[in-house]
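Asks: Provided herewith is a single structure, encoded as structure tokens, for subsequent inquiry.
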Amino acid sequence: MTKHADIRASLWGDNALPLRPPSQVMNLERLGSLHQSRLSFMRTLVRRIFRERWKIELATFELNNDGFGTVVYEVNAPDGLFSFVLFSDLLLPEERNDRVIATKWDLTMALVEGRVNPEYIAKLKENVPKQEAGRVDSRVFVLSRANRSARNFDYVVNQLATGQQPDVSKIAEVGYLYRTTAVYGSGKLGMADWEKVQQKHRDFARPFASEMFVCFMLRNFSLLQVEHIARHRNEQTFTPMRADIKRYFGIGNSTGLGMAPYLVNHPVLINQWIEMRELALARIRSLGAITSQIKTTLLELLKRCAQHTHETITEDKQQTQHNIILAQEMNKLTEQVVTNFTSWNELIAFSEQHCSLQSQEIFVSVMLELYPELVDDLEDFHCADENLDLDPLMPLHQLKAVIERRYDWALAIDFDAEGARETYWYRSEEKMEPRLGSIADVEGKKKAMALAVGYAVRKCYNILVDYITANPSQITARFMVAHPKLRGIVRRIQGMDRCVYGDIQANLLDKNVLPMHLLRCKLAFFGVSKFDPRSRLWVRNTMFQGAPLLEDIGKPFSDDWFMPLIPKQ
Amino acid sequence: MNISMNEFKASLRRCFEASGYFVGNYEDAANMVLWLEKHGLNGLTELKHALPYICNDFDKPLSNVIYEDSTSAIIDAHHRSALNCIAAAVDLAHAKALEVGIATVTVHNCHNRMFVLKALTDRGRRGISAAAYWKNGSDTVTEHTAAICSGKRYPSYSQAVTNLITNGEDKQALTIICSSRVDLTSSLQSSDSLIITPKQIEKNKEKSVDFGIEIDESTWQKINKLGAGVLVENTERSRLDAGGR
């Protein structure tokens with residue numbers, strides 16, 4: 001069993017493995033090129049459910065013939081019993097809205113500790129469909145909602161009701177029946193805090209495990225519901241959906257700016273996630289034996305990535321172009337593997353010289369796929385104690401040196417250049433939704449969120465240099481009394497000296513900043529696929545496409561649903 | 001009503017940010033209030049005392065060191081709330097303790113000193129033992145002390161009503177002792193003092209983790225109303241800033 005001491009020894013000291021440098025990894029565009037991997041949270045959750053053979057059964061099924069009503073699943077996991085409660089309601093077309101500001105949804109749901117009785121279900125029914133306008137208690141630890149896919153839902157019901165399977169090429173265009181528009185956890189709206197989930201619900205004691213589980217259950221419910229409605233529409237002609245087509249259905253997701261501040265505000269956690277991914281890669285570079293079986297699987301996966309990307313449909317021109325290039329570059333890598341592949345380091349160097357960032361990063365995900373024995377144990381190290389402590393004894397010349405070493409990227413930015421401080425991030429009074437404004441809005445700018453780490457470091461550095469000139473032998477604690485306004489940034493600088501992958505190395509105030517990269521990075525850690533940018537501020541994607549089904553639990557499990565392909569018709 | 005600790009902290013952060021607290025300070029302040037309430041030490045009551053004044057600190061001079069040697073320092077907080085100045089004072093005591101073994105920092109003209117407990121407790125986790133002492137009240141003087149041992153997670157706290165007469169000199173003062181060498185414990189000499197042990201504080205925390213925090217609606221609204229100061233007015237234009245259609 002891998003221990004924290006093993007991880008530390010791999011990261012620091014004489015025997016450390018060669019991880020990629022933060023200047024390469026934390027580049028914003030590269031972060032925006034990440035793809036799902038076997039360390040993504042959806043993959044680790046599914047592995048856990050299938051290896052531990054969770055027992056998930058319907059406890060209440062009160063849907064009318066049109067699929068409206070209440071459903072409760074009971075989830076028996078090794079360390080606890082939980083209830084997944086869904087309310088399916090009629091939503092008029094004019095009420096349908098994917099934005100966080102919506103007030104009604106087709107489906108609302110909650111994940112609850114323990115078994116729920118009718119009184120508790122009634123209490124949930126009063127509040128869960130209201131989402132942000134309702135309140136729940138600390139038995140609930142995830143709350144979510146979803147809307148039906150206008151293109152797919154009725155189509156699939158009609159097909160099944162008339163005895164036909166859905167056309168898989170249509171499912172390739174939109175790979176889901178429902179699209180979730182928010183998944184809340186961590187104490188929002190009166191729910192249990194993460195501290196409780198982490199301490200008391202071991203089955204979900206990993207970042208976003210419970211949120212991902214709700215999406216997994218939603219996906220399974222959506223398949224159950226379409227079959228239920230189709231069966232009641234015409235019992236004589238109804239046919240159930242083929243299992244392989246079912247597996248090709250995921251859950252849609254639209255993600256907007258709300259996710260972006262999280263990456264900046266949780267540097268210790270982000271460092272942990274990226275460090276584990278980089279450690280997995282470093283282990284493979286150093287220890288991954290290249291056998292003929294590995295070569296064969298590598299070629300299969302490269303082909304699969306090209307095909308998956310070819311089957312990804314997006315209206316966004318830039319993403320379409322990226323996808324075309326990526327598919328071509330998978331062929332280029334394939335050629336290299338066939339003709340000249342003797343070491344991982346050489347192949348990585350080849351990808352860095354000849355491929356786009358998107359291809360370089362998908363190649364990293366492919367490498368992780370090949371060596372579960374070097375990768376999977378790292379999934380237990382995705383949590384982090386997020387305390388950022390000030391080191392009060394650090395001499396100021398050392399603090400200055402830390403800035404020069406760790407934040408050279410920030411010191412290199414000319415913040416006086418035109419457009420370098422054109423953007424500001426703020427919270428709207430409308431559901432506190434994060435938004436991106438222009439400094440032309442003078443009043444709004446006064447309420448800017450403190451997300452501009454690079455600029456804050458630059459200002460701190462300037463003040464520090466002057467202060468050291470006057471007080472050369474002082475320590476950080478003394479500097480903090482004199483300059484309390486710098487407390488936050490100094491604490492971060494010192495903390496990030498130990499968490500080298502904690503800071504995104506980009507100027508988030510620049511007029512050309514692409515928040516999409518931030519969203520994409522976090523979504524890749526979640527494990528989504530089929531990125532479909534709808535603007536530079538929000539993106540549609542698909543979760544759990546290709547994942548096994550609830551009815552597959554207990555059957556042989558290969559954990560091979562990376563980059564799923566259209567099933568054969 | 002019942003709220004989660006995360007909701008409480010997020011609202012407090014907005015509240016302090018809107019009140020002019022600096023980045024770093026508003027997180028500290030929110031954590032100080034939450035820590036007291038979470039551990040059953042009346043964070044909300046203390047906050048209610050502080051709330052009417054928190055915006056006033058914006059115009060006050062920053063704290064400054066008025067005396068310093070290798071083992072001690074005196075800081076004038078200029079009648080600021082401990083919420084926005086005490087963390088730096090505890091840091092200074094911590095740094096001096098690391099340098100010389102044991103150190104004292106006294107803070108003058110500091111309000112809401114109960115909030116020192118969070119900063120004090122953090123020292124235990126970081127291998128430093130710390131203790132604090134302060135007196136409160138004008139007609140009836142109560143004295144307070146808290147301490148934590150190196151490596152521990154929960155402090156002890158005690159308070160007692162005294163028959164002391166207020167002395168203009170020591171009003172609003174707080175003494176902090178930190179040591180990297182000696183484990184400090186503190187208890188009041190008064191025979192009828194209220195003593196809360198680390199064990200009790202831990203139990204209180206477990207209850208908060210399980211069930212969240214009880215808060216009266218008017219206080220909750222007051223915190224949120226102050227916090228709304230960081231939110232930008234919603235307009236059609238602003239909706240486009242989120243990529244909306």
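The chains in the structure tokens are called A, B, ... from first to last as shown; in each chain the residues are counted from 1, and the ligands are counted from 1 in the order shown.
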Would you give me, as an MDAnalysis selection string, the residues in range 204-304 of chain A that DSSP reads as strand (DSSP E or B)?
Replies: chainID A and resid 250:255
Asks: Convert the current residue selection to file output with N, CA and C atoms, as a PDB file, in the first residue's frame.
Replies:
ATOM      1  N   GLY A 250     -24.377   9.483 -21.861  1.00  0.00           N
ATOM      2  CA  GLY A 250     -23.794  10.058 -20.648  1.00  0.00           C
ATOM      3  C   GLY A 250     -24.777  11.037 -20.046  1.00  0.00           C
ATOM      4  N   ILE A 251     -24.245  12.001 -19.359  1.00  0.00           N
ATOM      5  CA  ILE A 251     -25.048  13.107 -18.833  1.00  0.00           C
ATOM      6  C   ILE A 251     -24.440  14.395 -19.365  1.00  0.00           C
ATOM      7  N   GLY A 252     -25.283  15.257 -19.870  1.00  0.00           N
ATOM      8  CA  GLY A 252     -24.791  16.535 -20.367  1.00  0.00           C
ATOM      9  C   GLY A 252     -24.503  17.477 -19.209  1.00  0.00           C
ATOM     10  N   ASN A 253     -23.624  18.394 -19.478  1.00  0.00           N
ATOM     11  CA  ASN A 253     -23.291  19.369 -18.436  1.00  0.00           C
ATOM     12  C   ASN A 253     -22.968  20.685 -19.119  1.00  0.00           C
ATOM     13  N   SER A 254     -23.469  21.779 -18.568  1.00  0.00           N
ATOM     14  CA  SER A 254     -22.956  23.075 -19.038  1.00  0.00           C
ATOM     15  C   SER A 254     -22.286  23.739 -17.861  1.00  0.00           C
ATOM     16  N   THR A 255     -21.111  24.223 -18.120  1.00  0.00           N
ATOM     17  CA  THR A 255     -20.321  24.838 -17.053  1.00  0.00           C
ATOM     18  C   THR A 255     -19.932  26.240 -17.462  1.00  0.00           C
TER      19      THR A 255
END
Asks: Tell me which protein, DNA and RNA residues are within 10 Å of Gln172 in chain B, counting only C-alpha atoms, leaving out same-chain ones fewer than 5 positions away, and put them as a VMD selection string.
Replies: chain B and resid 77 79 107 to 113 134 to 137
Asks: Based on the selection just made, write C-alpha atoms of those residues as a PDB file, in the first residue's frame.
Replies:
ATOM      1  CA  ALA B  77      -4.042  48.397  17.603  1.00  0.00           C
ATOM      2  CA  HIS B  79      -8.999  50.528  18.815  1.00  0.00           C
ATOM      3  CA  VAL B 107      -1.553  44.439  22.200  1.00  0.00           C
ATOM      4  CA  HIS B 108      -3.102  47.668  23.378  1.00  0.00           C
ATOM      5  CA  ASN B 109      -6.407  49.213  22.350  1.00  0.00           C
ATOM      6  CA  CYS B 110      -7.801  46.070  20.828  1.00  0.00           C
ATOM      7  CA  HIS B 111     -11.487  45.102  20.843  1.00  0.00           C
ATOM      8  CA  ASN B 112     -13.268  41.737  20.576  1.00  0.00           C
ATOM      9  CA  ARG B 113     -10.233  39.949  21.997  1.00  0.00           C
ATOM     10  CA  TRP B 134      -7.093  39.697  28.869  1.00  0.00           C
ATOM     11  CA  LYS B 135      -9.634  41.548  30.975  1.00  0.00           C
ATOM     12  CA  ASN B 136     -12.950  42.887  29.837  1.00  0.00           C
ATOM     13  CA  GLY B 137     -15.744  45.174  31.042  1.00  0.00           C
TER      14      GLY B 137
END
Asks: Counting only C-alpha atoms, which residues in chain A sit no more than 8 Å from chain B? For each one, give the nearest pair of atoms and the distance in Å, sorted by chain then residue number, as JSON lines.
Replies:
{"residue": "A:Arg99", "atom": "CA", "partner": "B:Gly244", "partner_atom": "CA", "distance": 7.3}
{"residue": "A:Asp137", "atom": "CA", "partner": "B:Asn2", "partner_atom": "CA", "distance": 7.6}
{"residue": "A:Ser138", "atom": "CA", "partner": "B:Phe211", "partner_atom": "CA", "distance": 5.7}
{"residue": "A:Ser186", "atom": "CA", "partner": "B:Asn6", "partner_atom": "CA", "distance": 7.0}
{"residue": "A:Gly187", "atom": "CA", "partner": "B:Ser4", "partner_atom": "CA", "distance": 5.2}
{"residue": "A:Lys188", "atom": "CA", "partner": "B:Glu7", "partner_atom": "CA", "distance": 6.0}
{"residue": "A:Leu189", "atom": "CA", "partner": "B:Glu7", "partner_atom": "CA", "distance": 7.4}
{"residue": "A:Gly190", "atom": "CA", "partner": "B:Ile3", "partner_atom": "CA", "distance": 4.8}
{"residue": "A:Met191", "atom": "CA", "partner": "B:Ser4", "partner_atom": "CA", "distance": 6.3}
{"residue": "A:Ala192", "atom": "CA", "partner": "B:Ser4", "partner_atom": "CA", "distance": 6.5}
{"residue": "A:Asp193", "atom": "CA", "partner": "B:Ser4", "partner_atom": "CA", "distance": 6.2}
{"residue": "A:Glu195", "atom": "CA", "partner": "B:Val209", "partner_atom": "CA", "distance": 6.7}
{"residue": "A:Lys196", "atom": "CA", "partner": "B:Val209", "partner_atom": "CA", "distance": 5.6}
{"residue": "A:Gly256", "atom": "CA", "partner": "B:Ala242", "partner_atom": "CA", "distance": 7.1}
{"residue": "A:Leu257", "atom": "CA", "partner": "B:Ala242", "partner_atom": "CA", "distance": 6.5}
{"residue": "A:Leu390", "atom": "CA", "partner": "B:Asp91", "partner_atom": "CA", "distance": 7.8}
{"residue": "A:Pro392", "atom": "CA", "partner": "B:Ala95", "partner_atom": "CA", "distance": 5.3}
{"residue": "A:Leu393", "atom": "CA", "partner": "B:Ala95", "partner_atom": "CA", "distance": 4.8}
{"residue": "A:Tyr426", "atom": "CA", "partner": "B:Val232", "partner_atom": "CA", "distance": 7.0}
{"residue": "A:Arg427", "atom": "CA", "partner": "B:Leu231", "partner_atom": "CA", "distance": 5.3}
{"residue": "A:Ser428", "atom": "CA", "partner": "B:Val232", "partner_atom": "CA", "distance": 4.8}
{"residue": "A:Glu429", "atom": "CA", "partner": "B:Leu231", "partner_atom": "CA", "distance": 4.9}
{"residue": "A:Glu430", "atom": "CA", "partner": "B:Asn234", "partner_atom": "CA", "distance": 6.0}
{"residue": "A:Met432", "atom": "CA", "partner": "B:Leu231", "partner_atom": "CA", "distance": 6.9}
{"residue": "A:Glu433", "atom": "CA", "partner": "B:Ala242", "partner_atom": "CA", "distance": 7.8}
{"residue": "A:Pro434", "atom": "CA", "partner": "B:Ala242", "partner_atom": "CA", "distance": 7.1}
{"residue": "A:Arg435", "atom": "CA", "partner": "B:Ala242", "partner_atom": "CA", "distance": 4.7}
{"residue": "A:Leu436", "atom": "CA", "partner": "B:Asp241", "partner_atom": "CA", "distance": 5.0}
{"residue": "A:Gly437", "atom": "CA", "partner": "B:Asp241", "partner_atom": "CA", "distance": 5.9}
{"residue": "A:Gly444", "atom": "CA", "partner": "B:Val232", "partner_atom": "CA", "distance": 5.9}
{"residue": "A:Lys447", "atom": "CA", "partner": "B:Val230", "partner_atom": "CA", "distance": 5.3}
{"residue": "A:Ala448", "atom": "CA", "partner": "B:Val230", "partner_atom": "CA", "distance": 8.0}
{"residue": "A:Ala450", "atom": "CA", "partner": "B:Val23", "partner_atom": "CA", "distance": 7.2}
{"residue": "A:Ala477", "atom": "CA", "partner": "B:Leu92", "partner_atom": "CA", "distance": 5.0}
{"residue": "A:Arg478", "atom": "CA", "partner": "B:Leu92", "partner_atom": "CA", "distance": 6.6}
{"residue": "A:Met480", "atom": "CA", "partner": "B:Ala88", "partner_atom": "CA", "distance": 6.3}
{"residue": "A:Val481", "atom": "CA", "partner": "B:Ala88", "partner_atom": "CA", "distance": 5.8}
{"residue": "A:Ala482", "atom": "CA", "partner": "B:Asn64", "partner_atom": "CA", "distance": 6.7}
{"residue": "A:Pro484", "atom": "CA", "partner": "B:Ala88", "partner_atom": "CA", "distance": 7.7}
{"residue": "A:Lys485", "atom": "CA", "partner": "B:Phe22", "partner_atom": "CA", "distance": 5.3}
{"residue": "A:Leu486", "atom": "CA", "partner": "B:Val23", "partner_atom": "CA", "distance": 7.4}
{"residue": "A:Arg487", "atom": "CA", "partner": "B:Gly24", "partner_atom": "CA", "distance": 5.2}
{"residue": "A:Gly488", "atom": "CA", "partner": "B:Gly24", "partner_atom": "CA", "distance": 3.5}
{"residue": "A:Ile489", "atom": "CA", "partner": "B:Gly24", "partner_atom": "CA", "distance": 7.2}
{"residue": "A:Arg491", "atom": "CA", "partner": "B:Gly24", "partner_atom": "CA", "distance": 7.9}
{"residue": "A:Ser535", "atom": "CA", "partner": "B:Gly243", "partner_atom": "CA", "distance": 6.5}
{"residue": "A:Arg536", "atom": "CA", "partner": "B:Gly243", "partner_atom": "CA", "distance": 7.5}
{"residue": "A:Leu537", "atom": "CA", "partner": "B:Gly243", "partner_atom": "CA", "distance": 5.2}
{"residue": "A:Trp538", "atom": "CA", "partner": "B:Gly243", "partner_atom": "CA", "distance": 6.4}
Asks: Take the residues just selected and output them with C-alpha atoms as an mmCIF file, in the first residue's frame.
Replies:
data_model
loop_
_atom_site.group_PDB
_atom_site.id
_atom_site.type_symbol
_atom_site.label_atom_id
_atom_site.label_comp_id
_atom_site.auth_asym_id
_atom_site.auth_seq_id
_atom_site.Cartn_x
_atom_site.Cartn_y
_atom_site.Cartn_z
ATOM 1 C CA ARG A 99 -28.178 29.168 -16.747
ATOM 2 C CA ASP A 137 -30.513 19.898 6.472
ATOM 3 C CA SER A 138 -27.163 18.275 7.146
ATOM 4 C CA SER A 186 -19.915 21.253 0.521
ATOM 5 C CA GLY A 187 -22.473 22.797 2.814
ATOM 6 C CA LYS A 188 -24.403 24.940 0.376
ATOM 7 C CA LEU A 189 -28.082 25.610 1.149
ATOM 8 C CA GLY A 190 -27.808 24.012 4.599
ATOM 9 C CA MET A 191 -26.244 20.746 3.432
ATOM 10 C CA ALA A 192 -23.543 18.806 5.278
ATOM 11 C CA ASP A 193 -20.115 20.391 5.177
ATOM 12 C CA GLU A 195 -15.680 18.205 6.842
ATOM 13 C CA LYS A 196 -18.595 15.936 7.767
ATOM 14 C CA GLY A 256 -19.835 28.557 -16.832
ATOM 15 C CA LEU A 257 -17.568 30.941 -15.012
ATOM 16 C CA LEU A 390 2.125 32.247 7.238
ATOM 17 C CA PRO A 392 6.404 34.402 10.355
ATOM 18 C CA LEU A 393 10.099 33.676 10.838
ATOM 19 C CA TYR A 426 -16.927 40.021 -10.009
ATOM 20 C CA ARG A 427 -19.916 38.414 -8.357
ATOM 21 C CA SER A 428 -23.335 39.426 -9.575
ATOM 22 C CA GLU A 429 -26.138 40.079 -7.124
ATOM 23 C CA GLU A 430 -28.016 37.539 -9.230
ATOM 24 C CA MET A 432 -23.790 35.586 -6.754
ATOM 25 C CA GLU A 433 -22.874 34.284 -10.211
ATOM 26 C CA PRO A 434 -19.214 35.013 -11.067
ATOM 27 C CA ARG A 435 -18.879 37.221 -14.149
ATOM 28 C CA LEU A 436 -16.171 38.902 -16.151
ATOM 29 C CA GLY A 437 -16.313 42.662 -16.652
ATOM 30 C CA GLY A 444 -18.189 47.449 -10.641
ATOM 31 C CA LYS A 447 -16.005 45.134 -6.156
ATOM 32 C CA ALA A 448 -13.515 43.011 -8.077
ATOM 33 C CA ALA A 450 -9.183 38.981 -5.641
ATOM 34 C CA ALA A 477 6.095 38.716 10.906
ATOM 35 C CA ARG A 478 7.414 42.257 11.262
ATOM 36 C CA MET A 480 3.103 41.827 8.152
ATOM 37 C CA VAL A 481 2.538 44.217 11.039
ATOM 38 C CA ALA A 482 3.763 47.071 8.853
ATOM 39 C CA PRO A 484 -1.257 44.043 6.787
ATOM 40 C CA LYS A 485 -2.783 44.586 3.351
ATOM 41 C CA LEU A 486 -0.261 42.091 1.974
ATOM 42 C CA ARG A 487 -1.140 39.337 4.418
ATOM 43 C CA GLY A 488 -3.116 37.273 1.915
ATOM 44 C CA ILE A 489 -0.611 37.345 -0.884
ATOM 45 C CA ARG A 491 0.753 33.749 2.879
ATOM 46 C CA SER A 535 -18.511 31.087 -26.025
ATOM 47 C CA ARG A 536 -15.259 31.969 -24.294
ATOM 48 C CA LEU A 537 -17.207 31.885 -21.036
ATOM 49 C CA TRP A 538 -19.092 28.600 -20.969
#
Asks: Calculate how many Å separate CA of Val364 in chain A from CA of Lys3 in chain A, rounding to one decimal.
Replies: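 These two atoms are separated by 24.1 Å.
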Asks: Could you check which of B:Lys152, B:Arg80, B:Lys118, B:Lys48 is closest to Met32 in chain B, using only C-alpha atoms?
Replies: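 Checking each candidate against Met32 in chain B, we get B:Lys118 as the closest.
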